[in-house]
Each structure stands twice: as structure tokens, then as C-alpha cells.
Amino acid sequence: MTQDSDSSRWLPLESDPDTMNEMAHKLGLKEGWQISELFSLDEEMLSFVSTPVLSVILLFEHKEQDNASGTKEGEGLFFVKQIKELGDACGTIALIHVLSNNSSHDVLDENGVLSHFLKECKGKQPKEIGEKLVNYEPIKSLHSATAQHGSQESLKQETRFHYVCFLHQQGKLWEIDGCKESPQVCGSTTEETFFVDAAQYIKESFFSKSGGIEFNMMVLNASS
């Protein structure tokens, strides 16, 4: 989602699993885990996805009113505020949220780029983390190299869209959107029911109200 017209802004990541996998593994995603495309939210189709599924990444056509948020929540979750200087970094920000908030599953290389960033952000507020990310060269250079693999036409299309993610933590289903003020609780869930619960929430809160808006979905899951 475009927020800054500066020529040095972060370009959008193309919305395909190859691109997202490339970026995720550059950040430090361990072998044995992958970003997979999700073609349908029908419960029967969900059963074909390799498990466990730790997070769902949703790309949707963004409207400014989507930035509205309720009360501040998400204590204990790592959250990056997408300030305007981060331009179209929402794909990388979604990956950061997915990888950093699934530490209990040992998905992240402790010596990887993202792990070092997380250590440097300890104790910082979401906006401060966003400000640090803007010029954090280890991640910015990886993002730039990955984003430039996309075609110019696809990059133009991606600027109309925005990435958010959903995950389970603390017995709750969370939506994490860097354009909001904080992570938002979407309901209760468990590790075992998360994938089905997330699919149902997305169908009810996004698909049923879409009015023709386009979507693309991916998951962080175990490699098949």
C-alpha cells in the first residue's frame, strides 16, 4: 500500500509464494518451513494444506478507511508500525510479523538478519521500530533486491494492495496490520483450530464485505 511518493521508498513485493519464500528465507526462516499459496478457504480445501499452519498472510485491495483501529492491544507481540517512510514495505512487514511472533515453533535462525534486528529493537515502541526499519540496511537491501525481481506491470498493480497477517498467540486469533495502531484480537482460538478459525474470520470480515475487491492468500506452514 503506497504511503510515500519519495523515489527512495520501499517497493512492493510481488504477491506470489516464490517471492515471499525468497524474502522469508533471506530474513532467516529455517529449512522445514515455507510460504505456500492458499487457493481457497473452504474447509475441505484447507485439509490439503501441509500442517502445521502457523500464520495466514492476506493481500487485499486497500482503502484508507481500513486503517481505522479500535483499542490498543497486542502486549507481548512484536509489532512494526508502518510509517509513511516505509512506502510499500507491507509485504516485508507482514513477513516480519509472521516470523517474529512464531518463536515458540523455532522457525527463525537465531543468527539470521531478522533475529539481529529483533535484538536491536528490544524495548522499542512500534513507531520507533518502524523508524529503525526505514534505514536498516541489512533488511532494506534484501527487500530491494527481492522486490526488483517483479515486473513493472505487477509492481504497479501491487501498490493498490496491502498485506496483513493472522496468527495464534495467547489463546487468541490476532490480525496484525502495520497500518493500524496495534495488533487486533479477532476472537479466541487454539493452536489446533487456528487455521480453520482464521479462514472463517477472513471469510466473514473480508470476503463477505468485499464488494468485488480482489484477494490473494498465503500461509506459513511446514514443508511438505
# chains A, B, ... in the order shown; residues from 1 in each chain; ligands from 1

call {"tool": "residues_around", "arguments": {"residues": "range 101-112 of chain A", "least_positions_apart": "6", "cutoff": "12 Å", "atoms": "only C-alpha atoms", "output": "VMD selection string"}}
result
chain A and resid 24 to 35 52 to 55 74 to 80 94 to 95 118 to 119 138 to 139 165 to 170 174 to 176 183 191 220 to 223

call {"tool": "write_last_selection", "arguments": {"atoms": "C-alpha atoms", "output": "PDB file, in the first residue's frame"}}
result
ATOM      1  CA  ALA A  24      11.360 -15.064   4.228  1.00  0.00           C
ATOM      2  CA  HIS A  25      14.428 -17.291   3.932  1.00  0.00           C
ATOM      3  CA  LYS A  26      16.682 -14.261   3.448  1.00  0.00           C
ATOM      4  CA  LEU A  27      15.292 -12.920   6.718  1.00  0.00           C
ATOM      5  CA  GLY A  28      16.149 -16.187   8.437  1.00  0.00           C
ATOM      6  CA  LEU A  29      13.236 -18.622   8.003  1.00  0.00           C
ATOM      7  CA  LYS A  30      14.622 -22.082   8.751  1.00  0.00           C
ATOM      8  CA  GLU A  31      14.515 -25.057   6.403  1.00  0.00           C
ATOM      9  CA  GLY A  32      11.431 -27.187   7.002  1.00  0.00           C
ATOM     10  CA  TRP A  33       9.134 -24.173   6.797  1.00  0.00           C
ATOM     11  CA  GLN A  34       7.702 -22.439   3.741  1.00  0.00           C
ATOM     12  CA  ILE A  35       5.303 -19.827   2.426  1.00  0.00           C
ATOM     13  CA  PRO A  52       1.097 -27.195  10.985  1.00  0.00           C
ATOM     14  CA  VAL A  53      -0.064 -23.851   9.632  1.00  0.00           C
ATOM     15  CA  LEU A  54       1.278 -21.060  11.834  1.00  0.00           C
ATOM     16  CA  SER A  55       0.073 -17.922  10.052  1.00  0.00           C
ATOM     17  CA  GLY A  74      -1.194  -6.927  21.477  1.00  0.00           C
ATOM     18  CA  GLU A  75       1.031  -6.843  24.558  1.00  0.00           C
ATOM     19  CA  GLY A  76       3.730  -9.437  24.057  1.00  0.00           C
ATOM     20  CA  LEU A  77       3.511  -9.374  20.257  1.00  0.00           C
ATOM     21  CA  PHE A  78       6.261  -7.873  18.129  1.00  0.00           C
ATOM     22  CA  PHE A  79       4.694  -5.075  16.080  1.00  0.00           C
ATOM     23  CA  VAL A  80       6.138  -2.753  13.427  1.00  0.00           C
ATOM     24  CA  ALA A  94       3.895  -8.922   7.217  1.00  0.00           C
ATOM     25  CA  LEU A  95       6.737 -11.442   6.985  1.00  0.00           C
ATOM     26  CA  LEU A 118      14.722  -8.068  16.785  1.00  0.00           C
ATOM     27  CA  LYS A 119      17.544  -7.868  19.309  1.00  0.00           C
ATOM     28  CA  PRO A 138      20.506  -5.413   6.125  1.00  0.00           C
ATOM     29  CA  ILE A 139      16.732  -5.749   5.659  1.00  0.00           C
ATOM     30  CA  CYS A 165      -1.295 -11.434   8.663  1.00  0.00           C
ATOM     31  CA  PHE A 166      -3.188 -13.598  11.138  1.00  0.00           C
ATOM     32  CA  LEU A 167      -1.707 -15.821  13.833  1.00  0.00           C
ATOM     33  CA  HIS A 168      -2.416 -17.553  17.119  1.00  0.00           C
ATOM     34  CA  GLN A 169      -0.936 -16.414  20.389  1.00  0.00           C
ATOM     35  CA  GLN A 170      -2.122 -16.268  23.986  1.00  0.00           C
ATOM     36  CA  TRP A 174      -4.739 -11.909  16.023  1.00  0.00           C
ATOM     37  CA  GLU A 175      -4.819  -9.679  12.962  1.00  0.00           C
ATOM     38  CA  ILE A 176      -1.545  -7.776  12.611  1.00  0.00           C
ATOM     39  CA  PRO A 183      -2.491  -5.822  16.679  1.00  0.00           C
ATOM     40  CA  GLU A 191      -3.053 -23.981  18.101  1.00  0.00           C
ATOM     41  CA  LEU A 220       3.431 -20.086   6.768  1.00  0.00           C
ATOM     42  CA  ASN A 221       3.421 -23.854   7.132  1.00  0.00           C
ATOM     43  CA  ALA A 222       5.594 -26.924   7.377  1.00  0.00           C
ATOM     44  CA  SER A 223       7.257 -28.007   4.143  1.00  0.00           C
TER      45      SER A 223
END

call {"tool": "select_by_dssp", "arguments": {"residues": "range 17-177 of chain A", "states": "strand (DSSP E or B)", "output": "PyMOL selection string"}}
result
chain A and resi 29+33-38+53-61+108+161-169+172-176

call {"tool": "atom_distance", "arguments": {"atom1": "CA of Gln125 in chain A", "atom2": "CA of Gln82 in chain A"}}
result
12.2 Å

call {"tool": "atom_distance", "arguments": {"atom1": "CA of Tyr163 in chain A", "atom2": "CA of Met218 in chain A"}}
result
10.4 Å

call {"tool": "residues_around", "arguments": {"residues": "Lys132 in chain A", "least_positions_apart": "2", "cutoff": "12 Å", "atoms": "only C-alpha atoms", "output": "JSON, numbers by chain"}}
result
{"A": [80, 81, 82, 83, 85, 86, 117, 118, 120, 121, 122, 124, 125, 126, 127, 128, 129, 130, 134, 135, 136, 137, 138, 139, 140]}

call {"tool": "select_by_dssp", "arguments": {"residues": "range 27-145 of chain A", "states": "helix (DSSP H, G or I)", "output": "ChimeraX atom specification"}}
result
/A:27,43-46,64-67,84-86,90-100,103-105,113-120,126-134,137-145

call {"tool": "residues_around", "arguments": {"residues": "Val49 in chain A", "least_positions_apart": "5", "cutoff": "9 Å", "atoms": "only C-alpha atoms", "output": "PyMOL selection string"}}
result
chain A and resi 36+38+221+224

call {"tool": "write_last_selection", "arguments": {"atoms": "C-alpha atoms", "output": "mmCIF file, in the first residue's frame"}}
result
data_model
loop_
_atom_site.group_PDB
_atom_site.id
_atom_site.type_symbol
_atom_site.label_atom_id
_atom_site.label_comp_id
_atom_site.auth_asym_id
_atom_site.auth_seq_id
_atom_site.Cartn_x
_atom_site.Cartn_y
_atom_site.Cartn_z
ATOM 1 C CA SER A 36 2.581 -21.615 0.451
ATOM 2 C CA LEU A 38 -3.739 -20.753 -0.346
ATOM 3 C CA ASN A 221 3.421 -23.854 7.132
ATOM 4 C CA SER A 224 5.504 -30.984 2.587
#

call {"tool": "closest_residue", "arguments": {"among": "A:Leu41, A:Leu46, A:Leu133, A:Ile96", "to": "Tyr201 in chain A", "atoms": "only C-alpha atoms"}}
result
A:Leu41

call {"tool": "atom_distance", "arguments": {"atom1": "CA of Leu11 in chain A", "atom2": "CA of Lys180 in chain A"}}
result
19.9 Å
